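Trainee: Please find coords.csv (CSV, C-alpha atoms) on the next line:
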```csv
chain,number,residue,atom,x,y,z
A,1475,MET,CA,4.2,-3.5,19.1
A,1476,ALA,CA,5.1,-0.1,17.9
A,1477,LEU,CA,3.7,2.7,15.8
A,1478,LEU,CA,5.9,3.3,12.7
A,1479,GLU,CA,6.3,6.7,10.9
A,1480,ILE,CA,4.4,6.7,7.6
A,1481,LEU,CA,6.3,8.5,4.9
A,1482,GLU,CA,4.4,11.1,2.9
A,1483,PHE,CA,4.5,12.1,-0.7
A,1484,PRO,CA,6.8,13.5,-2.2
A,1485,ASP,CA,9.4,11.8,0.1
A,1486,PRO,CA,11.9,10.1,-2.2
A,1487,ARG,CA,12.1,7.0,0.0
A,1488,LEU,CA,8.6,6.1,-1.3
A,1489,ARG,CA,10.2,5.6,-4.7
A,1490,LYS,CA,12.6,2.9,-3.5
A,1491,VAL,CA,11.9,-0.6,-4.9
A,1492,ALA,CA,11.4,-3.2,-2.1
A,1493,GLU,CA,13.6,-6.3,-1.8
A,1494,PRO,CA,12.1,-9.8,-1.5
A,1495,VAL,CA,11.9,-11.3,2.0
A,1496,LYS,CA,14.5,-14.1,2.1
A,1497,GLU,CA,13.2,-15.8,5.3
A,1498,VAL,CA,9.9,-15.3,7.2
A,1499,ASP,CA,11.2,-15.3,10.8
A,1500,ASP,CA,10.2,-13.6,14.1
A,1501,GLY,CA,11.8,-10.3,12.9
A,1502,ILE,CA,9.5,-10.2,9.9
A,1503,ARG,CA,6.5,-11.1,12.0
A,1504,LYS,CA,7.4,-8.2,14.4
A,1505,ILE,CA,7.5,-5.9,11.3
A,1506,ILE,CA,4.1,-7.3,10.3
A,1507,ASP,CA,2.6,-6.7,13.8
A,1508,ASP,CA,3.9,-3.1,13.9
A,1509,MET,CA,2.6,-2.5,10.4
A,1510,PHE,CA,-0.9,-3.7,11.4
A,1511,GLU,CA,-0.8,-1.5,14.5
A,1512,THR,CA,0.3,1.5,12.4
A,1513,MET,CA,-2.3,0.9,9.7
A,1514,TYR,CA,-5.2,0.5,12.2
A,1515,ASN,CA,-4.1,3.6,14.1
A,1516,ALA,CA,-3.9,5.8,11.0
A,1517,PRO,CA,-6.7,4.5,10.2
A,1518,GLY,CA,-6.3,2.7,6.9
A,1519,ILE,CA,-7.1,-0.5,5.1
A,1520,GLY,CA,-3.7,-1.3,3.6
A,1521,LEU,CA,0.0,-0.6,4.2
A,1522,ALA,CA,3.1,-1.6,2.3
A,1523,ALA,CA,6.4,-1.8,4.2
A,1524,THR,CA,7.9,0.8,1.8
A,1525,GLN,CA,5.5,3.4,3.4
A,1526,VAL,CA,7.1,2.9,6.8
A,1527,ASN,CA,10.7,3.0,5.3
A,1528,ILE,CA,11.2,-0.7,5.4
A,1529,HIS,CA,12.1,-1.7,1.9
A,1530,ARG,CA,11.0,-5.3,2.0
A,1531,GLN,CA,8.1,-7.0,0.0
A,1532,ILE,CA,5.6,-7.0,2.8
A,1533,ILE,CA,1.9,-5.8,2.7
A,1534,VAL,CA,-0.8,-5.8,5.3
A,1535,ILE,CA,-4.4,-5.3,4.4
A,1536,ASP,CA,-7.8,-5.4,6.2
A,1537,VAL,CA,-10.8,-4.2,4.2
A,1538,SER,CA,-13.3,-5.4,6.8
A,1539,GLU,CA,-15.5,-2.8,8.6
A,1540,ASP,CA,-14.5,-4.1,12.0
A,1541,GLN,CA,-10.7,-4.9,11.5
A,1542,SER,CA,-11.5,-8.6,11.8
A,1543,GLU,CA,-9.8,-9.8,8.5
A,1544,PRO,CA,-6.1,-9.0,8.7
A,1545,ARG,CA,-4.3,-10.3,5.6
A,1546,VAL,CA,-0.5,-10.5,5.1
A,1547,PHE,CA,1.2,-10.8,1.7
A,1548,ILE,CA,4.9,-11.4,1.6
A,1549,ASN,CA,6.7,-11.4,-1.7
A,1550,PRO,CA,3.4,-11.0,-3.6
A,1551,GLU,CA,3.1,-11.7,-7.3
A,1552,ILE,CA,0.1,-10.7,-9.3
A,1553,GLN,CA,-1.4,-11.9,-12.5
A,1554,VAL,CA,-4.2,-10.1,-14.3
A,1555,VAL,CA,-7.0,-12.5,-15.2
A,1556,ASP,CA,-8.8,-10.4,-17.7
A,1557,GLN,CA,-8.7,-6.8,-18.9
A,1558,ASP,CA,-12.0,-5.6,-17.3
A,1559,LEU,CA,-11.3,-2.5,-15.3
A,1560,PHE,CA,-12.7,-1.4,-12.0
A,1561,SER,CA,-12.8,2.4,-11.0
A,1562,TYR,CA,-12.3,3.3,-7.4
A,1563,ASP,CA,-11.7,6.5,-5.5
A,1564,GLU,CA,-8.3,5.7,-4.0
A,1565,GLY,CA,-6.7,7.3,-1.0
A,1566,CYS,CA,-3.4,6.6,0.6
A,1567,LEU,CA,-1.8,7.0,4.0
A,1568,SER,CA,1.2,8.4,2.2
A,1569,VAL,CA,-0.9,11.0,0.4
A,1570,PRO,CA,-3.2,12.1,3.3
A,1571,GLY,CA,-6.4,13.9,2.6
A,1572,PHE,CA,-6.5,13.3,-1.2
A,1573,TYR,CA,-8.7,10.9,-3.2
A,1574,GLU,CA,-8.6,10.3,-6.9
A,1575,THR,CA,-10.3,7.8,-9.2
A,1576,VAL,CA,-8.0,5.1,-10.5
A,1577,GLU,CA,-8.8,2.3,-12.9
A,1578,ARG,CA,-7.3,-1.1,-12.2
A,1579,PRO,CA,-7.9,-4.6,-13.4
A,1580,LYS,CA,-11.0,-6.0,-11.7
A,1581,HIS,CA,-10.0,-9.7,-11.7
A,1582,VAL,CA,-6.5,-10.8,-10.5
A,1583,THR,CA,-4.7,-13.8,-9.1
A,1584,VAL,CA,-2.3,-13.1,-6.3
A,1585,LYS,CA,0.4,-15.5,-5.0
A,1586,ALA,CA,2.3,-14.7,-1.8
A,1587,LEU,CA,3.5,-16.0,1.5
A,1588,ASP,CA,1.6,-15.6,4.7
A,1589,ARG,CA,3.0,-14.5,8.1
A,1590,ASN,CA,4.3,-18.1,8.7
A,1591,GLY,CA,6.0,-18.3,5.3
A,1592,GLU,CA,3.3,-20.6,3.9
A,1593,ALA,CA,2.5,-20.1,0.2
A,1594,PHE,CA,-1.1,-19.3,-0.8
A,1595,GLU,CA,-3.1,-18.1,-3.8
A,1596,ILE,CA,-6.2,-16.0,-3.9
A,1597,HIS,CA,-8.5,-14.6,-6.6
A,1598,PRO,CA,-9.8,-11.3,-5.2
A,1599,GLU,CA,-12.3,-8.9,-6.8
A,1600,GLY,CA,-13.5,-5.4,-6.1
A,1601,LEU,CA,-12.0,-3.5,-3.1
A,1602,LEU,CA,-9.6,-6.2,-2.0
A,1603,ALA,CA,-8.2,-6.5,-5.6
A,1604,VAL,CA,-7.8,-2.8,-5.8
A,1605,CYS,CA,-6.2,-2.6,-2.4
A,1606,ILE,CA,-3.7,-5.4,-3.2
A,1607,GLN,CA,-2.7,-3.7,-6.5
A,1608,HIS,CA,-2.4,-0.3,-4.7
A,1609,GLU,CA,-0.1,-1.7,-2.1
A,1610,MET,CA,1.9,-3.8,-4.6
A,1611,ASP,CA,2.6,-0.5,-6.5
A,1612,HIS,CA,4.3,0.8,-3.3
A,1613,LEU,CA,6.7,-2.1,-3.4
A,1614,SER,CA,7.7,-1.0,-6.9
A,1615,GLY,CA,8.1,2.6,-5.8
A,1616,LYS,CA,4.8,3.7,-7.4
A,1617,LEU,CA,2.0,5.8,-5.9
A,1618,PHE,CA,-1.6,6.2,-6.9
A,1619,VAL,CA,-0.9,9.8,-7.9
A,1620,ASP,CA,1.2,8.4,-10.7
A,1621,TYR,CA,-2.1,7.4,-12.4
A,1622,ILE,CA,-3.5,10.9,-12.4
A,1623,SER,CA,-2.6,13.9,-14.6
A,1624,PRO,CA,0.8,15.6,-14.0
A,1625,MET,CA,-1.1,18.8,-13.2
A,1626,LYS,CA,-3.2,17.2,-10.4
A,1627,ARG,CA,-0.2,15.3,-9.1
A,1628,ASP,CA,1.8,18.6,-8.9
A,1629,ARG,CA,-1.1,20.3,-7.1
A,1630,ILE,CA,-1.2,17.6,-4.5
A,1631,ARG,CA,2.6,17.6,-4.1
A,1632,LYS,CA,2.6,21.4,-3.5
A,1633,LYS,CA,-0.2,21.2,-0.9
A,1634,LEU,CA,1.6,18.4,1.0
A,1635,GLU,CA,4.9,20.2,0.9
A,1636,LYS,CA,3.3,23.3,2.3
A,1637,GLN,CA,1.7,21.2,5.1
A,1638,HIS,CA,5.1,19.7,5.9
A,1639,ARG,CA,6.7,23.1,6.0
A,1640,LEU,CA,4.0,24.4,8.4
A,1641,GLN,CA,4.3,21.3,10.6
A,1642,ALA,CA,8.1,21.7,10.8
A,1643,SER,CA,7.9,25.4,11.9
```
How does the structure come out when it is put into structure tokens?

Mentor:
Amino acid sequence: MALLEILEFPDPRLRKVAEPVKEVDDGIRKIIDDMFETMYNAPGIGLAATQVNIHRQIIVIDVSEDQSEPRVFINPEIQVVDQDLFSYDEGCLSVPGFYETVERPKHVTVKALDRNGEAFEIHPEGLLAVCIQHEMDHLSGKLFVDYISPMKRDRIRKKLEKQHRLQAS
């Protein structure tokens, strides 16, 4: 396994739309394993392939306290079950150090393929539902900062750009 570089906002590669996975093979499973290692090392609870500059529809998630519930979503599709919203202070490995309250649908249905290419469907609520929606946004080139005011988003962008300049020098 290998640690992958996590792209950080405002990197334009984060805006690229991910392509569907055509076949779940050993190459895709290696990407999944590397993504889990990268996510756990960061540390985080979710990671989309887009965040590591792999523009395929792959998400890894583990919202457990002890990293014991790894979940894989390949080519995920989401359906909102009802319009009840859930507010959560979201953070993102691609927007390190910043948290903002985002409202998302509370009840969703998700269909995807697992790491073996087998289809499954789940009906998550709460944190898992939020995390799946957050990571699915990445596959569409969207970030959680797109849900906040332009002024806040610009402030975050400027702070991260300054950090990137300092790290480069």

Trainee: Grab the atom CA of A:Gly1571 to atom CA of A:Arg1629 distance for me, in Å with one decimal place.

Mentor: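 Straight-line distance from atom CA of A:Gly1571 to atom CA of A:Arg1629 works out to 12.8 Å.
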
Trainee: I'd like to know which of A:Leu1601, A:Leu1640, A:Ile1622, A:Ala1476 is closest to A:Val1537, using all atoms listed in the file.

Mentor: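 Checking each candidate against A:Val1537, we get A:Leu1601 as the closest.
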
Trainee: Write out as a ChimeraX atom specification which residues come within 6 Å of stretch 1515-1523 of chain A when counting all atoms listed in the file, dropping same-chain ones fewer than 4 positions away.

Mentor: /A:1528,1532-1537,1609

Trainee: Considering all atoms listed in the file, return as a VMD selection string whatever protein or nucleic-acid residues lie within 9 Å of A:Ala1492, sequence-local ones (same chain, fewer than 3 positions apart) excluded.

Mentor: chain A and resid 1523 to 1524 1528 to 1532 1612 to 1615

Trainee: What's the separation between atom CA of A:Leu1634 and atom CA of A:Leu1617, in Å to one decimal place?

Mentor: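 Computing the Euclidean distance for atom CA of A:Leu1634 and atom CA of A:Leu1617 yields 14.4 Å.
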
Trainee: Any idea what the distance is between atom CA of A:Gly1565 and atom CA of A:Val1604?

Mentor: 11.2 Å

Trainee: Taking only residues of stretch 1504-1573 of chain A that have an atom at most 8 Å from an atom of stretch 1481-1485 of chain A, what is each one's shortest atom pair and its distance in Å to one decimal, using all atoms listed in the file, in chain and number order, as JSON lines?

Mentor:
```
{"residue": "A:Gln1525", "atom": "CA", "partner": "A:Leu1481", "partner_atom": "CA", "distance": 5.4}
{"residue": "A:Val1526", "atom": "CA", "partner": "A:Leu1481", "partner_atom": "CA", "distance": 6.0}
{"residue": "A:Asn1527", "atom": "CA", "partner": "A:Leu1481", "partner_atom": "CA", "distance": 7.1}
{"residue": "A:Leu1567", "atom": "CA", "partner": "A:Glu1482", "partner_atom": "CA", "distance": 7.5}
{"residue": "A:Ser1568", "atom": "CA", "partner": "A:Glu1482", "partner_atom": "CA", "distance": 4.2}
{"residue": "A:Val1569", "atom": "CA", "partner": "A:Phe1483", "partner_atom": "CA", "distance": 5.6}
{"residue": "A:Pro1570", "atom": "CA", "partner": "A:Glu1482", "partner_atom": "CA", "distance": 7.7}
```

Trainee: Select, from A:Arg1589, A:Gln1637, A:Ile1480, A:Met1513, the residue with the minimum atom-to-atom distance to A:Asp1500, counting only C-alpha atoms.

Mentor: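 Of the candidates, the smallest distance to A:Asp1500 is held by A:Arg1589.
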
Trainee: So, counting all atoms listed in the file, which residue among A:Ala1593, A:Ile1506, A:Val1576, A:Ile1630 is closest to A:Leu1477?

Mentor: A:Ile1506
